[in-house]
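Engineer: This is the structure I want to talk about, given as C-alpha cells.
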Amino acid sequence: MKRPVITLLSDFGIADHYVAAMKGVILGICPQAELVDISHEIPAFSIPEAAYTLAQAWQCFPKGTVHLAVVDPGVGSSRRAIVGEVDGHRFVAPDNGLLSMIPGFRSARIRQITASRYFRQPVSNTFHGRDIFAPVAAHIAKGLPLARTGNLIGDPVIADFAEPTRLGLARWLGTVLKVDRFGNVVTNFGWEEFRGIAASPFTLKIGRRTVSRFCSTYDGAPDGQLFAIAGSAGFVEISMNQQAAAKLIEIGAGSKVELLFRSVAK
Amino acid sequence: MKRPVITLLSDFGIADHYVAAMKGVILGICPQAELVDISHEIPAFSIPEAAYTLAQAWQCFPKGTVHLAVVDPGVGSSRRAIVGEVDGHRFVAPDNGLLSMIPGFRSARIRQITASRYFRQPVSNTFHGRDIFAPVAAHIAKGLPLARTGNLIGDPVIADFAEPTRLGLARWLGTVLKVDRFGNVVTNFGWEEFRGIAASPFTLKIGRRTVSRFCSTYDGAPDGQLFAIAGSAGFVEISMNQQAAAKLIEIGAGSKVELLFRSVAK
Amino acid sequence: MKRPVITLLSDFGIADHYVAAMKGVILGICPQAELVDISHEIPAFSIPEAAYTLAQAWQCFPKGTVHLAVVDPGVGSSRRAIVGEVDGHRFVAPDNGLLSMIPGFRSARIRQITASRYFRQPVSNTFHGRDIFAPVAAHIAKGLPLARTGNLIGDPVIADFAEPTRLGLARWLGTVLKVDRFGNVVTNFGWEEFRGIAASPFTLKIGRRTVSRFCSTYDGAPDGQLFAIAGSAGFVEISMNQQAAAKLIEIGAGSKVELLFRSVAK
C-alpha cells in the first residue's frame with residue numbers, strides 16, 4: 001500500500017517544539033503518513049517567501065501528496081483556514097495568500113475549513129498549526145474527502161505578490177519573493193513574461209537603487225555592479241558578481257520593485 | 001501494522017553526523033520505526049531547555065511512542081542511563097533530570113539501563129547516544145519490555161528546575177527554562193499555581209532587573225518595559241513589547257528567578 | 001517487508017526548497033523509501049567536509065542503504081556522476097572525490113551514471129541533485145541493479161585529502177577535513193597511522209601557527225595554547241582548551257597541514 005505523503009512548511013524554526021507537536025498530532029491520526037519537511041526556516045510571518053518556497057517544491061512530489069503550510073500572522077483572528085486541490089495535490093493553509101503562487105490555485109475549488117470535529121480540542125488561540133491545520137491534513141491524508149472539511153468559498157485571498165501589477169503601458173510593480181543565501185534577490189517578474197529585459201532597455205527600481213543591466217551569467221558584470229538575470233526558479237533576479245546584492249539594496253522578501261521599459265514603441 | 005514512532009531530542013545540532021549515526025543504528029535494529037526529530041538545536045548541555053522542550057512536545061504524540069532524549073554532559077562518567085513509562089509513552093535518557101518535567105515522572109517506575117546485550121559494541125566513552133540510548137530505544141520500539149533493560153531504581157535525578165522552590169511564606173526561587181526566539185524568558189513558574197501574579201502585587205528578580213508589572217497581552221506595556229505574562233506553554237514568561245527581554249536581562253536557560261508576593265495577608 | 005533506507009547529504013541548507021525537491025522526486029519513484037538526512041549544512045562546495053561527514057555516518061546504517069550525496073561545485077560541467085557499492089551499501093554522488101574517504105572505495109567497482117531513462121526530464125544545468133542523483137538513488141532503492149545505471153570506470157576521482165601525502169622521510173602533507181562547532185580542527189592524519197605523535201617530538205604547521213604539544217584530554221594544556229589530540233572520529237585534531245582553535249589558526253576545511261617528526265632515527 002502506498003503511504004500518503006504530507007509535506008510541512010512553516011516559519012516555526014527547528015529549535016523549538018512546534019514542528020514536532022504538529023508531527024505528533026498527524027501521526028496520532030494517520031500513523032502511516034510519510035512526513036517531509038519543505039522548510040521551517042521561512043522568516044517569521046513572511047508569506048511571500050513561504051508562497052515562493054512552496055511553489056518551487058510541490059510539483060516534485062507525487063500526486064496525492066497533502067501539503068501543510070503554516071505561516072500564519074493572523075492566527076487567532078478571523079482569517080479563514082482553507083483547503084484546495086490542484087493537479088491531484090491537496091493543500092491545507094491559512095487563507096492569507098500563501099497558496100496563491102500555485103499555478104491553478106485561482107481556478108481551483110477552495111473550501112473554508114469549518115468541520116471542527118476534525119480539530120484537536122481544545123483549539124488554542126495561538127497554535128492552529130497543531131490544533132487545526134495538522135489534524136485536518138492528517139485526516140485528508142487518511143482519506144477524508146475535502147468536501148467534508150467545509151463549504152466552497154469564492155474569494156480566497158490572492159496575494160498582491162502573486163504576480164506583478166501593471167501601473168502603465170511600460171510600467172510594472174513587482175515584489176521581492178525571496179533573498180537567497182547568496183544574496184540574490186528573487187522578484188516575482190516571471191521570466192517567460194518579462195524576458196523582454198534581455199533585449200530592451202529597462203530600469204528596475206528597488207530600494208534606493210536602480211538596475212539597468214541584464215546579464216545571462218552570474219559573472220557577466222564587473223564586481224560591485226547590480227544586474228538582472230534569469231534565475232533558475234523562472235523569475236528575474238537581481239544579482240551582483242561575488243557579492244550579496246540584497247545587502248547593497250537593503251531590502252528583503254515583500255519589498256517592492258518597479259520595472260520600466262524605457263523604449264516603448266514611439 | 002502500526003509503525004512504532006521514535007522521537008529524537010539532543011544538543012548535537014544538525015550540521016554534524018551525530019544525529020544520522022543514531023538514526024542509522026535505530027533503523028538497523030528496528031527498520032519499521034518512524035523517526036521524528038523534536039529538536040537537535042538545544043544549546044549545548046542545556047538540560048533545562050531540553051527538559052522543557054520534551055515536556056512541551058511529548059503529549060502530542062500517540063501512545064506507544066518512544067522518546068529518545070540525549071543531552072548528556074556527563075557522558076563517560078558514572079551517571080546512569082534510564083528508561084521509564086508515563087501514560088503509555090516510553091522515555092530513554094541519561095539520568096540527569098532531563099525527564100523530570102514530564103508530569104507523572106516522579107511516580108513512574110524508572111529503571112537503570114544495564115542490559116549491555118542491547119548496546120552497540122564497542123561502547124565509546126563519548127557517544128552513548130549512538131552506542132547505548134539509540135539501540136535501547138530501537139529495541140523498545142521493536143517490543144522489548146522495559147523490565148528487560150535493567151532494574152528499578154528509587155532515586156532518579158529530579159532536576160532543581162522541575163518546579164520552583166519555596167524560600168519563605170511569599171518567596172519562591174524559580175529557574176529560566178528557555179529563552180524563545182523572540183527573546184521571551186520562560187520561567188518554571190507554572191501559570192496554574194502562580195496565577196496570583198495577575199491579581200496581587202509581586203516582584204520578580206532576575207539578573208540585575210526587577211519586574212513588577214503583569215500584562216495579559218504582549219502589547220500591554222510601553223516599549224522597553226519588562227512585564228510578566230501568562231505564556232502559551234503554561235508558564236509565567238518575562239517579556240518586553242517588540243523587544244527581546246532576554247537581551248536586556250542578560251540571562252539564559254538555567255538562570256535563577258526570585259518571586260516575591262509583596263502583600264501577604266497581614 | 002523491509003523498507004529501503006536512503007540517506008541524503010548536501011550543502012543545500014535547510015531553508016530553501018532544494019532538499020524537499022529531491023525528496024519529492026524520490027518518493028514519486030520509490031514511495032516506500034525511508035529518508036534520513038545526514039546533513040545539509042555542509043559549507044557550500046566543501047567536498048572535504050562532505051566526504052568526512054559521510055565517512056563518519058554511513059557505517060551506522062544497515063546494509064542495503066543507499067547514500068545520496070550531492071556537494072557538486074561542478075554541476076553542469078563535464079564531471080561524471082557515479083555509483084558504487086561498498087560493503088553492501090550503495091553510493092550515488094558526483095565524481096569529485098566526495099566518496100573517497102569511504103574505506104574500500106578505491107577497490108570498489110565504480111560506474112558512471114549514463115542511463116538517462118532514469119533521470120527526471122528535462123535535466124537542468126543547475127540542479128542534478130533533483131534531476132539525476134535523486135531519481136537514480138530512488139530507482140536503486142527500488143531494486144535497480146547498479147549495472148543498469150552505466151558502465152564501469154577505472155579512474156574515479158580520489159581526492160587529495162583522502163589521506164596525507166608523504167613529502168619526505170618524516171614529512172607529511174595533510175588536509176583539514178572539518179572544523180567542528182567547538183572550533184576543533186579535524187585533520188586527515190588518521191590516529192592509527194600517526195599515533196607516533198603521542199610519543200615522538202613533532203611539529204604541525206598550519207596557517208601561520210605551529211603546534212608541538214600532544215595532550216590526551218581536552219583540558220591537558222594551559223588556556224590559549226594549541227595542542228594535538230586523538231579525536232573521537234579517529235583522526236588527529238588540533239584543539240585549544242575552552243577556546244576555538246580554528247579561530248586562532250584562521251583556517252577551514254580544505255586547508256593544508258604539514259606534519260614533521262623532528263627526531264627521525266639519526
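The chains in the C-alpha cells are called A, B, ... from first to last as shown; in each chain the residues are counted from 1, and the ligands are counted from 1 in the order shown.
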Using DSSP on the backbone coordinates, identify the residues of segment 102-255 of chain A assigned to helix (DSSP H, G or I); present them as number ranges by chain.

Structural biologist: A: 116-118, 128-142, 146-148, 191-198, 245-249

Engineer: Which neighbours of Phe214 of chain A fall inside 6 Å, counting only C-alpha atoms, when residues of the same chain fewer than 4 positions from it are skipped, and could you give them as an NGL selection string?

Structural biologist: :A and (198 or 227-229)

Engineer: Write out, as a PDB file, in the first residue's frame, the residues just selected, with all heavy atoms.

Structural biologist:
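See again-v9.pdb below for the written result:
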ATOM      1  N   ALA A 198      15.906  41.158 -21.556  1.00  0.00           N
ATOM      2  CA  ALA A 198      17.175  40.718 -22.155  1.00  0.00           C
ATOM      3  C   ALA A 198      17.450  41.487 -23.446  1.00  0.00           C
ATOM      4  O   ALA A 198      18.592  41.575 -23.905  1.00  0.00           O
ATOM      5  CB  ALA A 198      17.132  39.216 -22.433  1.00  0.00           C
ATOM      6  N   PHE A 227      22.971  43.729 -11.471  1.00  0.00           N
ATOM      7  CA  PHE A 227      22.411  43.392 -12.775  1.00  0.00           C
ATOM      8  C   PHE A 227      21.204  42.479 -12.588  1.00  0.00           C
ATOM      9  O   PHE A 227      21.019  41.890 -11.515  1.00  0.00           O
ATOM     10  CB  PHE A 227      23.457  42.719 -13.671  1.00  0.00           C
ATOM     11  CG  PHE A 227      24.054  41.466 -13.088  1.00  0.00           C
ATOM     12  CD1 PHE A 227      23.476  40.224 -13.296  1.00  0.00           C
ATOM     13  CD2 PHE A 227      25.229  41.545 -12.325  1.00  0.00           C
ATOM     14  CE1 PHE A 227      24.045  39.084 -12.760  1.00  0.00           C
ATOM     15  CE2 PHE A 227      25.785  40.397 -11.783  1.00  0.00           C
ATOM     16  CZ  PHE A 227      25.196  39.164 -12.000  1.00  0.00           C
ATOM     17  N   ALA A 228      20.384  42.379 -13.644  1.00  0.00           N
ATOM     18  CA  ALA A 228      19.264  41.445 -13.668  1.00  0.00           C
ATOM     19  C   ALA A 228      19.698  40.189 -14.402  1.00  0.00           C
ATOM     20  O   ALA A 228      20.534  40.233 -15.306  1.00  0.00           O
ATOM     21  CB  ALA A 228      18.059  42.081 -14.363  1.00  0.00           C
ATOM     22  N   ILE A 229      19.117  39.065 -14.009  1.00  0.00           N
ATOM     23  CA  ILE A 229      19.472  37.782 -14.613  1.00  0.00           C
ATOM     24  C   ILE A 229      18.234  36.891 -14.580  1.00  0.00           C
ATOM     25  O   ILE A 229      17.343  37.086 -13.744  1.00  0.00           O
ATOM     26  CB  ILE A 229      20.658  37.140 -13.846  1.00  0.00           C
ATOM     27  CG1 ILE A 229      21.190  35.898 -14.562  1.00  0.00           C
ATOM     28  CG2 ILE A 229      20.274  36.822 -12.403  1.00  0.00           C
ATOM     29  CD1 ILE A 229      22.508  35.387 -13.998  1.00  0.00           C
TER      30      ILE A 229
END

Engineer: For chain B, which residues have at least one atom within 7 Å of chain C, if we go by only C-alpha atoms? Write them as a list in words, please.

Structural biologist: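 Every residue meeting the condition is included here: Ile14, Ala15, Asp16, His17, Ala20, Ala21, Gly24, Val25, Leu27, Gly28 and Pro31 of chain B.
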
Engineer: Could you give the RMSD, in Å, left over when chain A is least-squares superposed onto chain C across all Cα atoms paired sequentially?

Structural biologist: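 Rounded to one decimal, the C-alpha RMSD is 0.0 Å.
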
Engineer: Could you give me, as an MDAnalysis selection string, the residues within 10 Å of Leu167 of chain B, counting only C-alpha atoms and dropping anything in the same chain fewer than 6 positions from it?

Structural biologist: chainID B and resid 173 258:260

Engineer: Just write the chosen residues, C-alpha atoms, as a CSV table (one decimal), in the first residue's frame.

Structural biologist:
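What ended up in result_8.csv:
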chain,number,residue,atom,x,y,z
B,173,LEU,CA,13.0,30.5,43.7
B,258,GLU,CA,13.1,35.0,42.5
B,259,LEU,CA,9.4,35.7,43.0
B,260,LEU,CA,8.1,37.7,45.9
